[in-house]
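For reference, structure29.cif is printed below; it contains mmCIF, C-alpha atoms and all ligand atoms.
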data_final
loop_
_atom_site.label_atom_id
_atom_site.label_comp_id
_atom_site.auth_asym_id
_atom_site.auth_seq_id
_atom_site.Cartn_x
_atom_site.Cartn_y
_atom_site.Cartn_z
CA MET A 24 0.00 0.00 0.00
CA PHE A 25 2.81 2.35 0.92
CA ALA A 26 4.63 1.51 -2.32
CA ALA A 27 1.46 1.95 -4.36
CA ILE A 28 0.90 5.41 -2.89
CA ALA A 29 4.53 6.35 -3.57
CA CYS A 30 4.31 5.13 -7.16
CA ALA A 31 0.98 6.76 -8.00
CA THR A 32 2.06 10.03 -6.36
CA ALA A 33 5.43 10.15 -8.12
CA ASN A 34 3.95 9.43 -11.53
CA PRO A 35 0.20 10.07 -11.77
CA SER A 36 0.19 8.68 -15.30
CA CYS A 37 0.89 5.18 -13.94
CA ARG A 38 -2.05 2.93 -13.38
CA VAL A 39 -1.50 1.32 -9.99
CA ASP A 40 -3.54 -1.59 -8.66
CA VAL A 41 -3.21 -3.19 -5.24
CA LEU A 42 -4.43 -6.79 -5.16
CA GLU A 43 -5.17 -8.04 -1.67
CA HIS A 44 -6.15 -11.56 -0.77
CA ALA A 45 -8.02 -10.61 2.41
CA ARG A 46 -11.43 -8.96 2.53
CA GLN A 47 -9.89 -5.96 4.25
CA PHE A 48 -6.68 -4.16 3.52
CA LEU A 49 -3.86 -3.70 6.02
CA GLY A 50 -5.00 -6.40 8.40
CA LYS A 51 -1.63 -6.62 10.08
CA VAL A 52 -1.37 -2.89 10.58
CA LYS A 53 -4.72 -3.09 12.33
CA VAL A 54 -3.63 -5.73 14.86
CA SER A 55 -0.13 -4.33 15.24
CA GLY A 56 1.40 -3.08 18.46
CA GLY A 57 -1.45 -4.47 20.56
CA GLY A 58 -3.92 -2.41 18.47
CA ARG A 59 -1.87 0.79 18.76
CA CYS A 60 0.49 0.31 15.78
CA ASN A 61 4.09 0.90 16.72
CA LEU A 62 4.85 2.38 13.32
CA THR A 63 8.54 3.14 13.70
CA HIS A 64 11.38 3.60 16.19
CA ALA A 65 13.05 6.79 17.39
CA CYS A 66 16.46 6.00 15.95
CA PHE A 67 17.48 8.49 13.30
CA ASP A 68 21.03 7.44 12.48
CA PRO A 69 20.93 4.80 9.72
CA ALA A 70 24.16 3.21 10.97
CA GLU A 71 22.57 2.78 14.41
CA LEU A 72 19.16 1.80 13.05
CA VAL A 73 20.49 -1.16 11.05
CA LYS A 74 21.71 -2.72 14.30
CA GLY A 75 18.05 -3.56 14.99
CA TYR A 76 17.89 -6.06 12.12
CA PRO A 77 19.17 -9.59 12.72
CA ARG A 78 18.69 -10.17 9.00
CA GLY A 79 18.88 -7.40 6.42
CA GLY A 80 20.78 -4.81 8.46
CA ARG A 81 23.71 -4.54 6.07
CA GLU A 82 21.49 -4.21 3.01
CA LEU A 83 19.18 -1.65 4.65
CA LEU A 84 21.95 0.87 5.33
CA GLY A 85 21.68 2.47 1.88
CA PRO A 86 17.85 2.46 1.83
CA PHE A 87 17.74 4.07 5.30
CA THR A 88 19.83 6.99 4.07
CA ARG A 89 16.94 7.65 1.66
CA PHE A 90 13.89 6.93 3.81
CA GLN A 91 14.24 6.53 7.56
CA PRO A 92 12.13 7.02 10.71
CA HIS A 93 12.23 10.85 10.35
CA ASP A 94 10.69 10.45 6.91
CA THR A 95 8.05 8.05 8.22
CA ILE A 96 7.06 10.51 10.93
CA ALA A 97 6.98 13.38 8.41
CA TRP A 98 5.04 11.29 5.86
CA PHE A 99 2.28 10.52 8.32
CA ALA A 100 2.30 14.01 9.84
CA ALA A 101 1.79 15.52 6.37
CA ARG A 102 -1.35 13.37 6.12
CA GLY A 103 -2.69 14.33 9.53
CA VAL A 104 -1.32 11.49 11.69
CA GLU A 105 0.58 12.92 14.64
CA THR A 106 2.91 10.58 16.48
CA LYS A 107 4.41 10.30 19.95
CA THR A 108 7.57 8.63 21.20
CA GLU A 109 7.49 6.45 24.29
CA SER A 110 10.41 6.25 26.72
CA ASP A 111 11.76 3.06 25.10
CA GLY A 112 11.86 4.67 21.63
CA ARG A 113 8.69 3.12 20.22
CA ILE A 114 6.61 5.52 18.13
CA PHE A 115 2.80 5.35 18.01
CA PRO A 116 0.03 7.55 16.63
CA THR A 117 -1.09 9.96 19.36
CA THR A 118 -4.55 8.41 19.12
CA ASP A 119 -3.11 5.08 20.33
CA ARG A 120 -5.29 3.46 17.66
CA SER A 121 -3.95 1.50 14.71
CA GLU A 122 -7.09 2.44 12.75
CA THR A 123 -5.65 5.95 12.48
CA VAL A 124 -2.76 4.53 10.43
CA VAL A 125 -5.00 2.20 8.40
CA ASP A 126 -7.43 5.02 7.57
CA CYS A 127 -4.58 7.34 6.61
CA LEU A 128 -3.07 4.79 4.22
CA LEU A 129 -6.41 3.95 2.59
CA GLN A 130 -7.33 7.61 2.22
CA SER A 131 -3.88 8.45 0.80
CA ALA A 132 -4.19 5.60 -1.70
CA ARG A 133 -7.57 6.87 -2.87
CA VAL A 134 -6.29 10.43 -3.18
CA ALA A 135 -3.33 9.19 -5.23
CA GLY A 136 -5.72 7.32 -7.53
CA VAL A 137 -4.62 3.81 -6.57
CA HIS A 138 -7.09 1.09 -7.56
CA LEU A 139 -7.83 -1.10 -4.56
CA ARG A 140 -8.95 -4.67 -5.14
CA GLU A 141 -9.65 -6.65 -2.00
CA SER A 142 -10.63 -10.38 -1.88
CA THR A 143 -8.30 -10.95 -4.82
CA ARG A 144 -5.80 -13.71 -4.27
CA ILE A 145 -2.92 -13.95 -6.73
CA ILE A 146 -2.43 -17.55 -7.74
CA ASP A 147 0.10 -17.21 -10.52
CA LEU A 148 2.62 -14.69 -11.75
CA GLN A 149 4.49 -15.05 -15.03
CA ARG A 150 6.70 -12.90 -17.20
CA ASP A 151 6.19 -13.23 -20.96
CA ASP A 152 8.86 -12.92 -23.62
CA ALA A 153 8.06 -9.24 -24.16
CA GLY A 154 8.82 -8.58 -20.46
CA HIS A 155 5.19 -8.09 -19.45
CA PHE A 156 3.77 -9.72 -16.37
CA VAL A 157 0.66 -11.82 -16.40
CA VAL A 158 -0.97 -11.75 -12.98
CA SER A 159 -3.60 -14.43 -12.44
CA HIS A 160 -5.96 -14.24 -9.51
CA GLU A 161 -8.85 -16.39 -8.41
CA GLY A 162 -11.30 -14.23 -10.37
CA GLY A 163 -9.31 -14.13 -13.63
CA GLU A 164 -6.33 -12.33 -15.09
CA MET A 165 -5.09 -8.75 -14.92
CA PRO A 166 -4.28 -6.91 -18.15
CA PRO A 167 -0.52 -7.35 -18.76
CA CYS A 168 1.59 -5.12 -16.49
CA ASP A 169 5.00 -3.56 -16.98
CA ARG A 170 5.95 -3.70 -13.31
CA VAL A 171 4.95 -5.89 -10.39
CA LEU A 172 5.76 -5.46 -6.72
CA LEU A 173 5.51 -8.53 -4.53
CA ALA A 174 4.77 -7.41 -0.97
CA THR A 175 3.04 -10.53 0.28
CA GLY A 176 4.58 -10.56 3.76
CA GLY A 177 5.93 -13.70 5.37
CA ASN A 178 3.46 -16.18 3.88
CA LYS A 179 4.40 -19.18 1.80
CA GLN A 180 2.29 -18.34 -1.22
CA GLY A 181 4.21 -15.16 -1.88
CA HIS A 182 7.44 -17.12 -1.55
CA ALA A 183 6.15 -19.64 -4.10
CA LEU A 184 5.38 -16.83 -6.58
CA ALA A 185 8.90 -15.46 -6.14
CA ARG A 186 10.45 -18.90 -6.43
CA ALA A 187 8.58 -19.58 -9.67
CA LEU A 188 10.27 -16.49 -11.12
CA GLY A 189 13.71 -17.81 -10.25
CA HIS A 190 14.32 -16.48 -6.76
CA THR A 191 15.95 -18.27 -3.85
CA ILE A 192 13.84 -18.50 -0.72
CA ILE A 193 15.67 -18.65 2.59
CA PRO A 194 13.46 -21.03 4.64
CA PRO A 195 11.07 -19.09 6.86
CA VAL A 196 11.24 -19.45 10.65
CA ALA A 197 9.51 -17.54 13.42
CA SER A 198 11.15 -14.55 15.06
CA LEU A 199 10.03 -12.48 18.07
CA PHE A 200 8.75 -15.00 20.58
CA THR A 201 8.86 -15.67 24.31
CA PHE A 202 10.67 -18.56 25.98
CA ALA A 203 8.81 -21.45 27.63
CA ILE A 204 10.70 -22.28 30.83
CA THR A 205 9.59 -24.52 33.66
CA ASP A 206 11.79 -23.73 36.62
CA PRO A 207 11.12 -23.48 40.37
CA ARG A 208 12.99 -20.17 40.50
CA ILE A 209 10.31 -18.42 38.46
CA ALA A 210 7.25 -20.68 38.91
CA GLY A 211 4.27 -18.73 40.24
CA LEU A 212 6.01 -15.36 39.79
CA ALA A 213 4.04 -14.29 36.69
CA GLY A 214 4.03 -10.50 36.50
CA VAL A 215 7.34 -10.04 38.32
CA SER A 216 9.81 -8.06 36.22
CA VAL A 217 13.39 -6.86 36.39
CA GLN A 218 13.91 -3.55 34.64
CA ASP A 219 17.43 -4.15 33.41
CA ALA A 220 18.69 -7.70 32.98
CA ALA A 221 20.97 -9.35 30.42
CA VAL A 222 19.98 -12.55 28.64
CA GLU A 223 22.28 -14.69 26.54
CA LEU A 224 22.38 -17.89 24.50
CA ASP A 225 25.42 -19.73 23.22
CA GLY A 226 26.80 -18.00 20.15
CA VAL A 227 24.37 -15.04 20.33
CA ALA A 228 25.27 -11.62 21.72
CA PRO A 229 23.67 -10.83 25.11
CA GLN A 230 20.62 -8.58 25.03
CA ARG A 231 19.79 -6.11 27.77
CA GLY A 232 16.52 -4.64 28.94
CA PRO A 233 13.42 -5.49 30.93
CA VAL A 234 12.73 -9.20 31.57
CA LEU A 235 9.25 -10.27 32.59
CA VAL A 236 8.21 -13.54 34.23
CA THR A 237 5.06 -14.99 32.61
CA HIS A 238 2.85 -17.99 33.38
CA TRP A 239 4.88 -20.04 30.89
CA GLY A 240 8.40 -18.74 31.24
CA LEU A 241 10.09 -15.47 30.36
CA SER A 242 9.21 -12.53 28.13
CA GLY A 243 9.96 -8.79 28.03
CA PRO A 244 11.96 -6.70 25.53
CA ALA A 245 15.35 -8.31 26.29
CA VAL A 246 13.98 -11.83 25.75
CA ILE A 247 12.06 -10.86 22.60
CA LYS A 248 15.17 -9.20 21.14
CA LEU A 249 17.23 -12.28 21.93
CA SER A 250 14.62 -14.49 20.21
CA ALA A 251 15.10 -12.44 17.02
CA TRP A 252 18.88 -12.75 17.04
CA ALA A 253 18.67 -16.45 17.88
CA ALA A 254 15.65 -17.22 15.64
CA ARG A 255 17.43 -19.58 13.32
CA ALA A 256 19.66 -21.25 15.93
CA LEU A 257 16.69 -21.88 18.21
CA PHE A 258 14.65 -23.27 15.33
CA THR A 259 17.47 -25.70 14.56
CA ALA A 260 17.66 -26.67 18.24
CA GLN A 261 13.86 -27.22 18.25
CA TYR A 262 13.54 -24.41 20.76
CA ARG A 263 15.54 -26.22 23.42
CA SER A 264 18.54 -24.40 24.76
CA GLU A 265 20.23 -23.07 27.87
CA LEU A 266 19.48 -19.43 28.67
CA ARG A 267 21.94 -17.50 30.81
CA ILE A 268 20.61 -14.56 32.79
CA SER A 269 22.35 -11.81 34.67
CA TRP A 270 19.79 -10.11 36.87
CA LEU A 271 22.45 -7.46 37.64
CA PRO A 272 24.15 -6.73 34.32
CA ASP A 273 26.22 -3.86 35.73
CA MET A 274 27.83 -6.12 38.34
CA THR A 275 30.23 -9.05 38.08
CA ALA A 276 30.06 -12.13 40.31
CA GLN A 277 33.19 -10.76 41.99
CA SER A 278 31.66 -7.37 42.80
CA VAL A 279 28.50 -9.07 44.09
CA LEU A 280 30.65 -11.27 46.32
CA GLU A 281 32.44 -8.20 47.68
CA LYS A 282 29.03 -6.71 48.51
CA PHE A 283 28.09 -9.88 50.42
CA VAL A 284 31.33 -9.75 52.41
CA GLU A 285 30.59 -6.11 53.22
CA TYR A 286 27.07 -7.12 54.37
CA LYS A 287 28.61 -9.65 56.76
CA HIS A 288 30.07 -6.72 58.66
CA THR A 289 27.56 -3.91 58.08
CA ILE A 290 24.23 -5.72 58.34
CA GLY A 291 25.40 -9.10 59.65
CA GLY A 292 22.40 -9.46 61.95
CA GLN A 293 19.85 -9.24 59.15
CA TYR A 294 18.29 -12.22 57.40
CA VAL A 295 19.53 -12.89 53.86
CA TRP A 296 16.00 -13.77 52.70
CA ARG A 297 14.68 -10.40 53.79
CA THR A 298 17.45 -8.12 52.53
CA PRO A 299 16.40 -6.26 49.37
CA PHE A 300 19.24 -6.48 46.89
CA HIS A 301 19.62 -3.74 44.26
CA GLN A 302 16.83 -3.89 41.69
CA ILE A 303 15.83 -7.53 42.32
CA PRO A 304 12.13 -7.81 43.26
CA GLN A 305 11.69 -9.36 46.70
CA ARG A 306 9.89 -12.51 45.51
CA LEU A 307 12.51 -13.29 42.89
CA TRP A 308 15.30 -12.57 45.38
CA GLN A 309 13.87 -15.12 47.77
CA ARG A 310 13.76 -17.75 45.02
CA LEU A 311 17.36 -17.07 44.04
CA VAL A 312 18.44 -17.22 47.67
CA GLU A 313 16.61 -20.54 48.00
CA ALA A 314 18.29 -21.82 44.82
CA ALA A 315 21.63 -21.03 46.47
CA ASP A 316 20.63 -23.42 49.31
CA ILE A 317 20.29 -20.60 51.81
CA LEU A 318 17.63 -21.36 54.40
CA ASP A 319 15.10 -18.92 55.81
CA GLY A 320 16.61 -17.72 59.08
CA GLN A 321 20.16 -17.50 57.73
CA ARG A 322 21.85 -14.24 58.74
CA TRP A 323 24.49 -12.46 56.66
CA SER A 324 27.09 -12.72 59.45
CA LYS A 325 27.08 -16.52 59.32
CA LEU A 326 26.61 -17.01 55.57
CA PRO A 327 29.16 -19.62 54.39
CA ARG A 328 31.36 -18.65 51.46
CA GLY A 329 30.04 -21.59 49.39
CA ASN A 330 26.49 -20.19 49.56
CA MET A 331 27.78 -16.71 48.74
CA LEU A 332 29.41 -18.05 45.60
CA LYS A 333 26.24 -19.90 44.62
CA LEU A 334 24.10 -16.81 45.15
CA ALA A 335 26.49 -14.62 43.17
CA ALA A 336 26.27 -17.15 40.33
CA GLU A 337 22.45 -17.12 40.51
CA LEU A 338 22.47 -13.33 40.26
CA CYS A 339 25.08 -12.92 37.53
CA ASP A 340 24.95 -16.15 35.58
CA GLY A 341 21.70 -18.01 36.21
CA ARG A 342 21.14 -20.99 33.92
CA TYR A 343 17.60 -21.78 32.74
CA GLU A 344 16.41 -24.50 30.34
CA ILE A 345 14.28 -23.24 27.46
CA SER A 346 11.83 -26.01 26.60
CA GLY A 347 9.85 -24.35 23.81
CA LYS A 348 8.63 -21.27 22.00
CA GLY A 349 5.88 -19.12 23.48
CA VAL A 350 3.81 -16.40 21.81
CA PHE A 351 4.37 -12.67 21.88
CA LYS A 352 1.05 -11.07 21.07
CA ASP A 353 2.21 -7.52 20.42
CA GLU A 354 4.38 -8.24 17.42
CA PHE A 355 5.40 -11.20 15.28
CA VAL A 356 7.55 -11.51 12.21
CA THR A 357 9.03 -14.18 9.95
CA ALA A 358 12.76 -14.52 9.41
CA GLY A 359 13.60 -15.86 5.96
CA GLY A 360 12.19 -15.02 2.54
CA VAL A 361 13.61 -13.84 -0.77
CA ALA A 362 17.43 -13.94 -0.68
CA LEU A 363 18.84 -10.45 -0.25
CA ASN A 364 21.68 -10.80 -2.75
CA GLU A 365 19.12 -11.16 -5.53
CA ILE A 366 17.84 -7.61 -5.05
CA ASP A 367 19.13 -4.26 -6.35
CA TRP A 368 18.82 -2.18 -3.18
CA ARG A 369 18.79 1.12 -5.06
CA THR A 370 15.41 0.24 -6.58
CA MET A 371 14.26 -2.96 -4.82
CA GLN A 372 14.14 -4.55 -8.25
CA SER A 373 14.99 -8.21 -8.74
CA LYS A 374 18.40 -8.61 -10.34
CA GLY A 375 17.29 -11.72 -12.23
CA CYS A 376 13.77 -10.72 -13.22
CA PRO A 377 13.61 -7.13 -14.54
CA GLY A 378 10.33 -5.39 -13.75
CA LEU A 379 9.73 -7.43 -10.58
CA TYR A 380 10.18 -5.61 -7.28
CA PHE A 381 10.06 -6.69 -3.65
CA ALA A 382 9.28 -4.87 -0.39
CA GLY A 383 8.64 -5.73 3.24
CA GLU A 384 8.60 -9.04 4.99
CA VAL A 385 8.58 -11.16 1.81
CA LEU A 386 12.32 -10.43 1.82
CA ASP A 387 14.74 -12.13 4.19
CA ILE A 388 14.60 -9.08 6.48
CA ASP A 389 13.36 -8.91 10.03
CA GLY A 390 13.87 -6.51 12.86
CA ILE A 391 13.79 -6.61 16.63
CA THR A 392 10.61 -5.50 18.33
CA GLY A 393 9.87 -1.78 18.66
CA GLY A 394 8.78 -0.51 15.22
CA TYR A 395 11.75 -1.79 13.22
CA ASN A 396 9.65 -4.17 11.13
CA PHE A 397 7.25 -1.54 9.88
CA GLN A 398 10.16 0.83 9.22
CA SER A 399 11.85 -1.62 6.88
CA ALA A 400 8.50 -2.18 5.14
CA TRP A 401 7.90 1.60 4.72
CA THR A 402 11.46 2.14 3.48
CA THR A 403 11.59 -0.69 0.97
CA GLY A 404 8.03 0.07 -0.17
CA TRP A 405 8.80 3.75 -0.68
CA ILE A 406 11.96 3.00 -2.66
CA ALA A 407 10.23 0.35 -4.78
CA GLY A 408 7.22 2.56 -5.47
CA ASN A 409 9.34 5.50 -6.58
CA ALA A 410 11.60 3.33 -8.70
CA MET A 411 8.60 1.72 -10.40
CA ALA A 412 7.16 5.16 -11.15
CA ASN A 413 10.41 6.41 -12.65
CA GLN A 414 11.13 3.36 -14.71
CA VAL A 415 7.84 3.10 -16.54
CA PRO A 416 8.65 2.87 -20.26
CA ASN A 417 7.44 5.75 -22.42
C1 LIG B 501 0.25 -9.36 15.74
C2 LIG B 501 1.32 -8.56 15.05
C3 LIG B 501 1.65 -7.31 15.55
C4 LIG B 501 2.69 -6.57 14.93
N1 LIG B 501 3.00 -5.34 15.44
C5 LIG B 501 4.01 -4.64 14.88
C6 LIG B 501 4.34 -3.34 15.37
O1 LIG B 501 3.66 -2.80 16.26
N2 LIG B 501 5.40 -2.70 14.82
C7 LIG B 501 6.14 -3.25 13.80
O2 LIG B 501 7.09 -2.62 13.33
N3 LIG B 501 5.82 -4.44 13.28
C8 LIG B 501 4.77 -5.13 13.79
N4 LIG B 501 4.44 -6.36 13.27
C9 LIG B 501 5.18 -6.81 12.10
C10 LIG B 501 4.58 -6.11 10.87
O3 LIG B 501 3.16 -6.22 10.92
C11 LIG B 501 5.09 -6.71 9.58
O4 LIG B 501 6.50 -6.71 9.59
C12 LIG B 501 4.58 -5.89 8.39
O5 LIG B 501 3.16 -5.91 8.37
C13 LIG B 501 5.14 -6.42 7.09
O6 LIG B 501 4.51 -5.73 6.04
P1 LIG B 501 4.34 -6.39 4.62
O7 LIG B 501 3.57 -5.41 3.81
O8 LIG B 501 5.61 -6.86 4.13
O9 LIG B 501 3.46 -7.69 4.88
P2 LIG B 501 1.98 -7.85 5.44
O10 LIG B 501 1.62 -6.72 6.33
O11 LIG B 501 1.91 -9.23 5.96
O12 LIG B 501 1.08 -7.72 4.15
C14 LIG B 501 1.11 -8.66 3.12
C15 LIG B 501 -0.27 -8.71 2.50
O13 LIG B 501 -0.21 -9.52 1.34
C16 LIG B 501 -1.39 -10.25 1.26
N5 LIG B 501 -1.15 -11.43 0.44
C17 LIG B 501 -0.32 -12.45 0.71
N6 LIG B 501 -0.35 -13.35 -0.28
C18 LIG B 501 -1.18 -12.87 -1.21
C19 LIG B 501 -1.65 -13.35 -2.48
N7 LIG B 501 -1.23 -14.51 -2.97
N8 LIG B 501 -2.53 -12.60 -3.16
C20 LIG B 501 -2.96 -11.42 -2.68
N9 LIG B 501 -2.58 -10.94 -1.48
C21 LIG B 501 -1.71 -11.65 -0.77
C22 LIG B 501 -1.73 -10.59 2.70
O14 LIG B 501 -3.11 -10.87 2.82
C23 LIG B 501 -1.31 -9.32 3.41
O15 LIG B 501 -2.37 -8.41 3.59
C24 LIG B 501 3.39 -7.09 13.83
C25 LIG B 501 3.03 -8.34 13.33
C26 LIG B 501 2.01 -9.06 13.93
C27 LIG B 501 1.62 -10.40 13.37
#
Would you mind writing the structure in this file as structure tokens?
Amino acid sequence: MFAAIACATANPSCRVDVLEHARQFLGKVKVSGGGRCNLTHACFDPAELVKGYPRGGRELLGPFTRFQPHDTIAWFAARGVETKTESDGRIFPTTDRSETVVDCLLQSARVAGVHLRESTRIIDLQRDDAGHFVVSHEGGEMPPCDRVLLATGGNKQGHALARALGHTIIPPVASLFTFAITDPRIAGLAGVSVQDAAVELDGVAPQRGPVLVTHWGLSGPAVIKLSAWAARALFTAQYRSELRISWLPDMTAQSVLEKFVEYKHTIGGQYVWRTPFHQIPQRLWQRLVEAADILDGQRWSKLPRGNMLKLAAELCDGRYEISGKGVFKDEFVTAGGVALNEIDWRTMQSKGCPGLYFAGEVLDIDGITGGYNFQSAWTTGWIAGNAMANQVPN
């Protein structure tokens, strides 16, 4: 839709049709961000922004110098959608309603003269010898077209259409999910959260941020980000892996140990179970203390060194078994899709199939949570739409 608007606006002589399988357009925008649509992220340096893409970051650097979050904000503002930035950088419409974004896009498409065809599923796409595309849908065939943009998202049918025209499809796997963990240290603590923790998996860089205990395991921005970076490795491991958590990412086990030794002297008479420790919520602290084999009634003054070491390890390097993949309702995206080296990133045109363009999640691009996924869709759509408008033959 974004590409169609860009194309029709840049070259009003183009006839632009959007063919949508569903009965309503922009279904995902509607459900996005828990119904609020987190439409981009407050990161305005392309070199920094690309760090939010486990797949596609390198390729998006050039595109982001042309259309980045500033441009998204300005694009929507020019069409009456004001946005606000939350403390974690996520950007939403001030209405907190995704319908505001949906309505804006549909209205902008109509103003630009885009022809909207809902309930129209594309079943076949071919390029004839003259370089025209024949688009077949369930209701028939479109008149031959000079240019086609495939923006079918993460679904397999779009991949099949791309594959049939000679493209490589990197196998799709889920990204952005929570971790199912059954562990006595967090059982029954649903709702407890630590504002700044670090989570890590073998071979994947640690991620920092809030971690939330759920009924099934762990969630929160740090966990969701880690799921994106580890999407493929976790898929291969059938979502079974060892998660390492530091509940105090600014401290080392050594500095925690020094603190305990200090406590022996300063608050030696107090009970370990009842001593609040930094940012750790009381209920979680008690579980970690228990996991370090420290009994209720144990005072700091008499705490054996062995228990201190165990507790420091629980705080700085807790090991938890991930037993499966949970859902994250606010955002979901597919890793995998059309191979990135088959695209000309200046235009989003296929290198092997002239006249065919790609944008959004159909490509092997995915971002961490927080508005990155829509931003890559806006950017690639805008570039594709403009390129299609400029390259229409006379
Ligand atoms: C629940 C949820 C919440 C999300 N929230 C956010 C968020 O807040 N912020 C964020 O950045 N990202 C969010 N995302 C991710 C974001 O929605 C996607 O990355 C983005 O929508 C991708 O855009 P797209 O145009 O590439 O694909 P899509 O939005 O998936 O659109 C593809 C369209 O193509 C249509 N289609 C597919 N095949 C055919 C066919 N054969 N014929 C005709 N039509 C076809 C589909 O029906 C669909 O409407 C969320 C995702 C989910 C599932």
Notebook entry, point to check: Pick the closest to ligand LIG 501 (chain B) from A:Gly75, A:Pro327, A:Gly408, A:Gly390: which is it, counting all atoms listed in the file?
Noted result: A:Gly390
Next item on the list: In the coordinate frame of the file, compute which residues have an atom within 12 Å of (-2.2, 6.3, 17.5) when using only C-alpha atoms, and state them as an MDAnalysis selection string.
Entry: chainID A and resid 52:53 55:63 99:100 103:109 113:127
Under the rule of at most 8 Å, produce a per-residue listing of region 153-271 of chain A near region 338-350 of chain A: chain, number, name, the closest pair of atoms, and the distance in Å, as CSV, using all atoms listed in the file.
residue,atom,partner,partner_atom,distance
A:Phe200,CA,A:Val350,CA,5.3
A:Thr201,CA,A:Gly349,CA,4.6
A:Phe202,CA,A:Lys348,CA,5.2
A:Ala203,CA,A:Gly347,CA,4.9
A:Ile204,CA,A:Ile345,CA,5.0
A:Thr205,CA,A:Ser346,CA,7.6
A:Asp206,CA,A:Tyr343,CA,7.3
A:Trp239,CA,A:Gly349,CA,7.5
A:Gln261,CA,A:Gly347,CA,7.4
A:Tyr262,CA,A:Gly347,CA,4.8
A:Arg263,CA,A:Ser346,CA,4.9
A:Ser264,CA,A:Ile345,CA,5.2
A:Glu265,CA,A:Glu344,CA,4.8
A:Leu266,CA,A:Tyr343,CA,5.1
A:Arg267,CA,A:Arg342,CA,4.7
A:Ile268,CA,A:Gly341,CA,5.0
A:Ser269,CA,A:Cys339,CA,4.1
A:Trp270,CA,A:Leu338,CA,5.4
A:Leu271,CA,A:Cys339,CA,6.1
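Between Cys376 (chain A) and the candidates A:Ala29, A:Val73, A:Ala132, A:Ala185, the tightest atom-to-atom separation, counting all atoms listed in the file, involves A:Ala185.
From CA of Gly404 (chain A) back to CA of Ala183 (chain A), the distance works out to 20.2 Å.
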Check: Which one of A:Arg322, A:Arg255, A:Lys248, A:Lys333 sits closest to Gln230 (chain A) if you count only C-alpha atoms?
Finding: A:Lys248
Note to self: To check your reading of the model: which residues sit at most 6 Å from ligand LIG 501 (chain B) when counting only C-alpha atoms and all ligand atoms? Write the answer as a ChimeraX atom specification.
What the structure shows: /A:42-45,49-52,54-56,60-63,143-146,174-176,180-181,352-356,383-385,393-397,400
Margin query: Quick check, in Å to one decimal: how far apart do CA of Ala210 (chain A) and CA of Ser242 (chain A) lie?
Written below: 13.7 Å
Item checked: Residue nearest Thr403 (chain A) among A:Val361, A:Ile303, A:Ala97, A:Met371 (counting only C-alpha atoms) -> A:Met371
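Pairwise distance (CA of Ala362 (chain A), CA of Ala26 (chain A)) equals 20.1 Å.
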Check: Gln372 (chain A): which residues within 10 Å, counting all atoms listed in the file, same-chain residues fewer than 6 positions away excluded, as a count of residues only?
Finding: 14
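Using all atoms listed in the file, the shortest contact distance between Gln305 (chain A) and any of A:Gly85, A:Leu212, A:Gln398, A:Ser131 is found at A:Leu212.
Nearest-residue note for Pro92 (chain A): choosing from A:Gln47, A:Ser399, A:Arg150, A:His238, the minimum distance belongs to A:Ser399, counting all atoms listed in the file.
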Margin query: So that I can check the surroundings of Gln277 (chain A), please list as an NGL selection string every protein, DNA and RNA residue that reaches within 9 Å of it, counting only C-alpha atoms and ignoring chain neighbours fewer than 5 positions away.
Written below: :A and (282 or 332 or 335)
Could you write those residues out with C-alpha atoms, as a short mmCIF file (atom, residue, chain, number, x, y, z; two decimals), in the frame of the given file?
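The file below, selection28.cif, is the result:
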data_model
loop_
_atom_site.label_atom_id
_atom_site.label_comp_id
_atom_site.auth_asym_id
_atom_site.auth_seq_id
_atom_site.Cartn_x
_atom_site.Cartn_y
_atom_site.Cartn_z
CA LYS A 282 29.03 -6.71 48.51
CA LEU A 332 29.41 -18.05 45.60
CA ALA A 335 26.49 -14.62 43.17
#
Note to self: Given the point (14.2, -16.7, 49.4) in the coordinates of this file, which residues lie within 12 Å, counting only C-alpha atoms, and how would they look as an MDAnalysis selection string?
What the structure shows: chainID A and resid 207:209 294:300 303:321 334
Margin query: Could you list, as an MDAnalysis selection string, every residue within 9 Å of Asn409 (chain A), counting only C-alpha atoms and ignoring same-chain residues fewer than 5 positions away?
Written below: chainID A and resid 26:27 29:34 370 404 414
Check: Can you list, as JSON, numbers by chain, every protein, DNA or RNA residue that comes within 9 Å of Val41 (chain A) when you count all atoms listed in the file, leaving out same-chain residues fewer than 5 positions away?
Finding: {"A": [24, 27, 137, 138, 139, 140, 141]}
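Those residues that approach region 165-169 of chain A to within 9 Å, counting all atoms listed in the file, are Gly154, His155, Phe156, Val157, Val158, Ser159, His160, Gly378, Leu379, Val415 and Pro416 of chain A; same-chain residues fewer than 4 positions away are not listed.
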Suppose we keep C-alpha atoms; can you now write the selection as a PDB file, keeping the file's coordinate frame?
ATOM      1  CA  GLY A 154       8.820  -8.580 -20.460  1.00  0.00           C
ATOM      2  CA  HIS A 155       5.190  -8.090 -19.450  1.00  0.00           C
ATOM      3  CA  PHE A 156       3.770  -9.720 -16.370  1.00  0.00           C
ATOM      4  CA  VAL A 157       0.660 -11.820 -16.400  1.00  0.00           C
ATOM      5  CA  VAL A 158      -0.970 -11.750 -12.980  1.00  0.00           C
ATOM      6  CA  SER A 159      -3.600 -14.430 -12.440  1.00  0.00           C
ATOM      7  CA  HIS A 160      -5.960 -14.240  -9.510  1.00  0.00           C
ATOM      8  CA  GLY A 378      10.330  -5.390 -13.750  1.00  0.00           C
ATOM      9  CA  LEU A 379       9.730  -7.430 -10.580  1.00  0.00           C
ATOM     10  CA  VAL A 415       7.840   3.100 -16.540  1.00  0.00           C
ATOM     11  CA  PRO A 416       8.650   2.870 -20.260  1.00  0.00           C
TER      12      PRO A 416
END
